[in-house]
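Structure file coords.csv with CSV, C-alpha atoms:
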chain,number,residue,atom,x,y,z
A,14,MET,CA,7.8,-40.3,69.1
A,15,LYS,CA,5.3,-40.1,71.9
A,16,ILE,CA,1.8,-38.7,71.9
A,17,VAL,CA,0.9,-37.1,75.2
A,18,GLY,CA,-2.1,-35.1,76.6
A,19,LYS,CA,-0.3,-32.5,78.6
A,20,ILE,CA,3.0,-30.7,78.6
A,21,PRO,CA,5.6,-32.8,80.5
A,22,LYS,CA,7.1,-31.3,83.6
A,23,PRO,CA,10.8,-30.6,83.9
A,24,ASP,CA,13.0,-33.3,85.3
A,25,GLU,CA,14.9,-31.7,88.2
A,26,GLY,CA,17.5,-34.5,88.0
A,27,LEU,CA,18.1,-33.8,84.3
A,28,HIS,CA,18.3,-30.1,85.1
A,29,GLU,CA,21.1,-30.6,87.5
A,30,GLU,CA,22.9,-32.9,85.1
A,31,LEU,CA,22.6,-30.4,82.2
A,32,VAL,CA,23.9,-27.5,84.3
A,33,LYS,CA,26.8,-29.6,85.6
A,34,ASN,CA,27.7,-30.3,81.9
A,35,HIS,CA,27.8,-26.6,81.1
A,36,TRP,CA,24.3,-26.2,79.6
A,37,THR,CA,22.9,-22.7,80.3
A,38,PRO,CA,19.2,-22.4,81.1
A,39,MET,CA,17.5,-19.9,78.8
A,40,ALA,CA,15.8,-16.9,80.1
A,41,GLU,CA,12.2,-17.5,78.9
A,42,PRO,CA,8.6,-17.3,80.1
A,43,THR,CA,7.8,-19.8,82.9
A,44,ASN,CA,4.2,-20.4,82.0
A,45,VAL,CA,1.7,-20.2,79.1
A,46,LEU,CA,0.0,-17.0,80.3
A,47,THR,CA,3.2,-15.1,80.5
A,48,ALA,CA,4.4,-16.3,77.1
A,49,THR,CA,1.0,-15.3,75.6
A,50,LEU,CA,1.1,-11.8,77.1
A,51,LEU,CA,4.7,-11.2,75.9
A,52,SER,CA,3.8,-12.5,72.4
A,53,ILE,CA,1.0,-9.9,71.8
A,54,PRO,CA,3.3,-7.6,69.8
A,55,PHE,CA,4.2,-10.5,67.6
A,56,MET,CA,0.5,-11.2,67.0
A,57,VAL,CA,0.2,-7.8,65.5
A,58,LEU,CA,3.4,-8.1,63.5
A,59,ASN,CA,2.6,-11.6,62.2
A,60,GLY,CA,-0.9,-10.5,61.2
A,61,LEU,CA,0.3,-7.5,59.3
A,62,ILE,CA,2.9,-9.6,57.4
A,63,SER,CA,0.3,-12.2,56.5
A,64,LEU,CA,-2.1,-9.6,55.4
A,65,GLY,CA,0.6,-8.3,53.1
A,66,ALA,CA,1.0,-11.8,51.6
A,67,ILE,CA,-2.7,-12.0,51.1
A,68,TYR,CA,-2.9,-8.6,49.4
A,69,VAL,CA,-0.2,-9.5,46.8
A,70,PHE,CA,-2.9,-11.4,44.8
A,71,SER,CA,-6.2,-10.7,46.7
A,72,THR,CA,-8.0,-8.5,49.2
A,73,ILE,CA,-9.8,-9.1,52.4
A,74,SER,CA,-12.8,-7.3,53.7
A,75,LEU,CA,-15.8,-7.6,56.1
A,76,GLU,CA,-18.1,-7.8,53.2
A,77,GLU,CA,-16.6,-11.1,52.1
A,78,TYR,CA,-18.1,-12.6,55.3
A,79,GLY,CA,-21.5,-11.0,55.1
A,80,LEU,CA,-20.6,-8.2,57.5
A,81,THR,CA,-21.2,-4.5,57.2
A,82,SER,CA,-20.4,-1.5,59.4
A,83,ASP,CA,-24.0,-1.7,60.7
A,84,SER,CA,-23.8,-5.3,62.0
A,85,PHE,CA,-21.3,-7.7,63.3
A,86,ILE,CA,-22.5,-11.3,63.6
A,87,LEU,CA,-20.0,-14.0,64.2
A,88,THR,CA,-21.2,-17.5,63.1
A,89,ILE,CA,-19.2,-20.5,64.1
A,90,ASN,CA,-20.4,-23.8,62.7
A,91,ILE,CA,-19.2,-27.4,63.0
A,92,GLY,CA,-17.3,-27.1,59.8
A,93,MET,CA,-15.3,-24.1,61.0
A,94,ILE,CA,-14.6,-25.9,64.3
A,95,PHE,CA,-13.3,-28.9,62.4
A,96,LEU,CA,-11.1,-26.6,60.2
A,97,LEU,CA,-9.7,-24.9,63.3
A,98,TYR,CA,-8.9,-28.2,64.9
A,99,LEU,CA,-7.3,-29.3,61.6
A,100,LEU,CA,-5.2,-26.1,61.6
A,101,VAL,CA,-3.8,-26.9,65.0
A,102,ILE,CA,-2.8,-30.3,63.9
A,103,VAL,CA,-1.2,-29.1,60.7
A,104,HIS,CA,0.6,-26.3,62.5
A,105,GLU,CA,2.1,-28.7,65.1
A,106,PHE,CA,2.9,-31.3,62.4
A,107,LEU,CA,5.0,-28.7,60.6
A,108,HIS,CA,7.0,-28.2,63.7
A,109,PHE,CA,7.3,-31.9,64.1
A,110,ILE,CA,8.5,-33.0,60.7
A,111,PHE,CA,11.6,-30.8,60.8
A,112,ILE,CA,12.9,-32.5,64.0
A,113,PRO,CA,15.7,-34.9,62.8
A,114,GLY,CA,14.5,-38.5,63.1
A,115,PHE,CA,11.2,-37.4,64.5
A,116,LEU,CA,9.4,-40.7,63.9
A,117,LYS,CA,12.0,-42.9,65.7
A,118,SER,CA,12.9,-40.4,68.4
A,119,SER,CA,11.8,-41.5,71.9
A,120,LYS,CA,12.7,-38.0,73.1
A,121,THR,CA,10.1,-36.2,70.9
A,122,LYS,CA,6.6,-35.6,72.2
A,123,LEU,CA,3.5,-34.4,70.3
A,124,GLY,CA,0.4,-33.4,72.1
A,125,LEU,CA,-2.8,-31.4,72.2
A,126,THR,CA,-4.1,-29.5,75.3
A,127,TRP,CA,-6.9,-27.1,76.1
A,128,PHE,CA,-4.9,-24.1,74.8
A,129,GLY,CA,-3.7,-25.8,71.6
A,130,GLY,CA,-1.0,-28.2,70.5
A,131,PHE,CA,2.6,-28.5,71.3
A,132,VAL,CA,5.8,-30.3,70.2
A,133,ILE,CA,8.7,-30.9,72.6
A,134,THR,CA,11.9,-32.7,71.8
A,135,GLU,CA,14.8,-33.5,74.1
A,136,GLU,CA,17.1,-34.2,71.2
A,137,LYS,CA,20.1,-31.9,70.9
A,138,LEU,CA,19.6,-29.5,68.1
A,139,SER,CA,21.7,-26.9,66.4
A,140,LYS,CA,20.6,-23.3,66.6
A,141,SER,CA,19.8,-23.2,62.9
A,142,ARG,CA,17.7,-26.4,63.1
A,143,TYR,CA,15.8,-25.1,66.2
A,144,ILE,CA,15.0,-21.9,64.3
A,145,LEU,CA,13.8,-23.8,61.3
A,146,ILE,CA,11.5,-25.9,63.6
A,147,THR,CA,10.2,-22.8,65.3
A,148,VAL,CA,9.3,-20.7,62.2
A,149,ALA,CA,8.2,-23.4,59.8
A,150,PRO,CA,4.4,-23.3,60.5
A,151,TYR,CA,4.2,-19.6,60.3
A,152,PHE,CA,6.3,-19.2,57.2
A,153,ILE,CA,4.7,-22.1,55.3
A,154,LEU,CA,1.0,-21.5,56.3
A,155,SER,CA,0.8,-17.7,56.7
A,156,ILE,CA,3.3,-16.4,54.2
A,157,LEU,CA,4.1,-19.0,51.5
A,158,LEU,CA,0.6,-20.6,51.3
A,159,PRO,CA,-1.3,-17.3,50.7
A,160,LEU,CA,1.2,-16.4,48.0
A,161,VAL,CA,0.8,-19.7,46.2
A,162,LEU,CA,-3.0,-19.9,46.6
A,163,GLY,CA,-3.4,-16.2,45.6
A,164,PHE,CA,-1.3,-16.8,42.4
A,165,LEU,CA,-3.5,-19.8,41.6
A,166,GLY,CA,-6.7,-17.9,42.3
A,167,LEU,CA,-7.7,-20.3,45.1
A,168,LEU,CA,-7.5,-17.9,48.1
A,169,THR,CA,-11.1,-18.2,49.5
A,170,PRO,CA,-12.5,-16.2,52.4
A,171,THR,CA,-12.3,-19.2,54.7
A,172,LEU,CA,-8.7,-19.9,53.9
A,173,LYS,CA,-7.8,-16.2,54.5
A,174,VAL,CA,-9.3,-16.5,58.0
A,175,LEU,CA,-7.4,-19.7,58.7
A,176,ILE,CA,-4.1,-18.1,57.4
A,177,LEU,CA,-4.6,-15.1,59.7
A,178,LEU,CA,-5.5,-17.3,62.7
A,179,ASN,CA,-2.3,-19.3,62.2
A,180,ALA,CA,-0.3,-16.1,62.0
A,181,LEU,CA,-1.8,-14.9,65.3
A,182,ALA,CA,-1.3,-18.4,66.9
A,183,SER,CA,2.4,-18.3,65.8
A,184,SER,CA,3.1,-15.3,68.0
A,185,VAL,CA,4.7,-17.5,70.8
A,186,ASP,CA,6.9,-19.1,68.1
A,187,MET,CA,8.1,-15.7,67.1
A,188,LEU,CA,8.8,-14.8,70.7
A,189,ASN,CA,10.8,-18.0,71.0
A,190,LEU,CA,12.7,-17.0,67.8
A,191,VAL,CA,13.7,-13.7,69.4
A,192,LEU,CA,14.8,-15.3,72.7
A,193,ILE,CA,16.9,-17.9,70.8
A,194,SER,CA,18.4,-15.3,68.5
A,195,LYS,CA,19.5,-13.1,71.4
A,196,GLN,CA,20.7,-15.7,73.8
A,197,VAL,CA,22.2,-18.6,71.8
A,198,PRO,CA,25.5,-18.2,69.8
A,199,SER,CA,25.5,-19.2,66.2
A,200,ILE,CA,27.5,-22.3,66.9
A,201,GLY,CA,25.4,-23.2,69.9
A,202,ARG,CA,23.2,-26.2,70.5
A,203,ILE,CA,19.8,-26.4,72.2
A,204,ILE,CA,18.2,-29.0,74.3
A,205,SER,CA,14.9,-29.1,76.2
A,206,ASN,CA,13.9,-30.5,79.5
A,207,GLY,CA,10.1,-30.5,79.3
A,208,PRO,CA,9.2,-26.8,78.7
A,209,ARG,CA,12.6,-25.6,79.8
A,210,SER,CA,15.3,-24.9,77.2
A,211,TYR,CA,19.1,-24.9,77.6
A,212,TRP,CA,21.9,-23.9,75.3
A,213,LYS,CA,25.6,-24.8,75.1
A,214,SER,CA,28.3,-23.5,72.8
A,215,ASP,CA,30.1,-26.1,70.6
A,216,GLU,CA,33.3,-24.4,71.8
A,217,VAL,CA,32.7,-25.6,75.4

Representation of the structure as structure tokens:
Amino acid sequence: MKIVGKIPKPDEGLHEELVKNHWTPMAEPTNVLTATLLSIPFMVLNGLISLGAIYVFSTISLEEYGLTSDSFILTINIGMIFLLYLLVIVHEFLHFIFIPGFLKSSKTKLGLTWFGGFVITEEKLSKSRYILITVAPYFILSILLPLVLGFLGLLTPTLKVLILLNALASSVDMLNLVLISKQVPSIGRIISNGPRSYWKSDEV
């Protein structure tokens, strides 16, 4: 495992080697802005699904946050900033722990940047493992967690906000899920070269 401060750039030499060995580059967004724009529909869908999980045992309304239809005042304090930062760390950690051998892997990188956190691994992964890594933070924090906390009566207004923010932040993960599902065969494997992804069928 390596901790880095920015997303590593693709290695062009590795790119040529992978293509030579029948790894197919995935069709995917080439930068963060494009990925974010393409993921907007998933923000809406993720948010609605998480709201549904919250509403199983609770409700959510503007009045919970001291807001009414006559006023809208957003207050951000140091405590909330800390919780948002903690949310980013937990979200990325949940990607991280599902990577096989993540602690010993020299090909796995964990980092934080100005737009959030990221995890990149250059380990070869099965399609099913890659999907698990991709969806884990959203499923655990924005679907499973509100159901458990709601059942226990511990779903506070602050936690509801964090759960919904995680759902929105998981939109790029869901975009990746769709790209993987459509392009990679069920028996395929996936490898990364910096932000670029490649797949190869086990039949090749």

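Proximity of A:Ile203, A:Ile102, A:Leu58, A:Leu160 to Thr134 of chain A, computed with only C-alpha atoms, is greatest for A:Ile203.
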
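Proximity to Ile193 of chain A at 12 Å, evaluated using only C-alpha atoms and with sequence-adjacent residues fewer than 6 positions away removed, yields Pro38, Met39, Ala40, Glu41, Ser139, Lys140, Ser141, Arg142, Tyr143, Ile144, Leu145, Thr147, Val148, Asp186, Met187, Ser199, Gly201, Arg202, Ile203, Ile204, Ser210, Tyr211, Trp212 and Lys213 of chain A.
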
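Of the listed residues A:Ser184, A:Asn189, A:Ser155, A:Ile91, the one whose atoms come nearest to Ser52 of chain A is A:Ser184, with distances taken using only C-alpha atoms.
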
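As for atom CA of Val185 of chain A and atom CA of Leu97 of chain A, they are spaced 17.8 Å apart.
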
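Close contacts of segment 113-127 of chain A, defined as residues with an atom at most 8 Å away when counting all atoms listed in the file, with chain neighbours fewer than 5 positions off set aside, comprise Met14, Lys15, Ile16, Val17, Gly18, Lys19, Ile20, Glu105, Val132, Ile133, Thr134, Glu135 and Glu136 of chain A.
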
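In this structure, atom CA of Thr43 of chain A sits 13.2 Å away from atom CA of Leu192 of chain A.
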
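Between Pro198 of chain A and the candidates A:Leu162, A:Thr37, A:Ile73, A:Ala48, the tightest atom-to-atom separation, counting only C-alpha atoms, involves A:Thr37.
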
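Atom to atom, atom CA of Ala180 of chain A and atom CA of Ser63 of chain A stand 6.8 Å apart.
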
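Look at Ile153 of chain A: the protein and nucleic acid residues within 10 Å of it, using all atoms listed in the file and passing over chain neighbours fewer than 5 places away, are A:His104, A:Leu107, A:Val148, A:Leu158, A:Pro159, A:Leu160, A:Ile176.
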
Keeping only C-alpha atoms, write the selected residues to a file as an mmCIF file, in the coordinates of the input.
data_model
loop_
_atom_site.group_PDB
_atom_site.id
_atom_site.type_symbol
_atom_site.label_atom_id
_atom_site.label_comp_id
_atom_site.auth_asym_id
_atom_site.auth_seq_id
_atom_site.Cartn_x
_atom_site.Cartn_y
_atom_site.Cartn_z
ATOM 1 C CA HIS A 104 0.600 -26.300 62.500
ATOM 2 C CA LEU A 107 5.000 -28.700 60.600
ATOM 3 C CA VAL A 148 9.300 -20.700 62.200
ATOM 4 C CA LEU A 158 0.600 -20.600 51.300
ATOM 5 C CA PRO A 159 -1.300 -17.300 50.700
ATOM 6 C CA LEU A 160 1.200 -16.400 48.000
ATOM 7 C CA ILE A 176 -4.100 -18.100 57.400
#
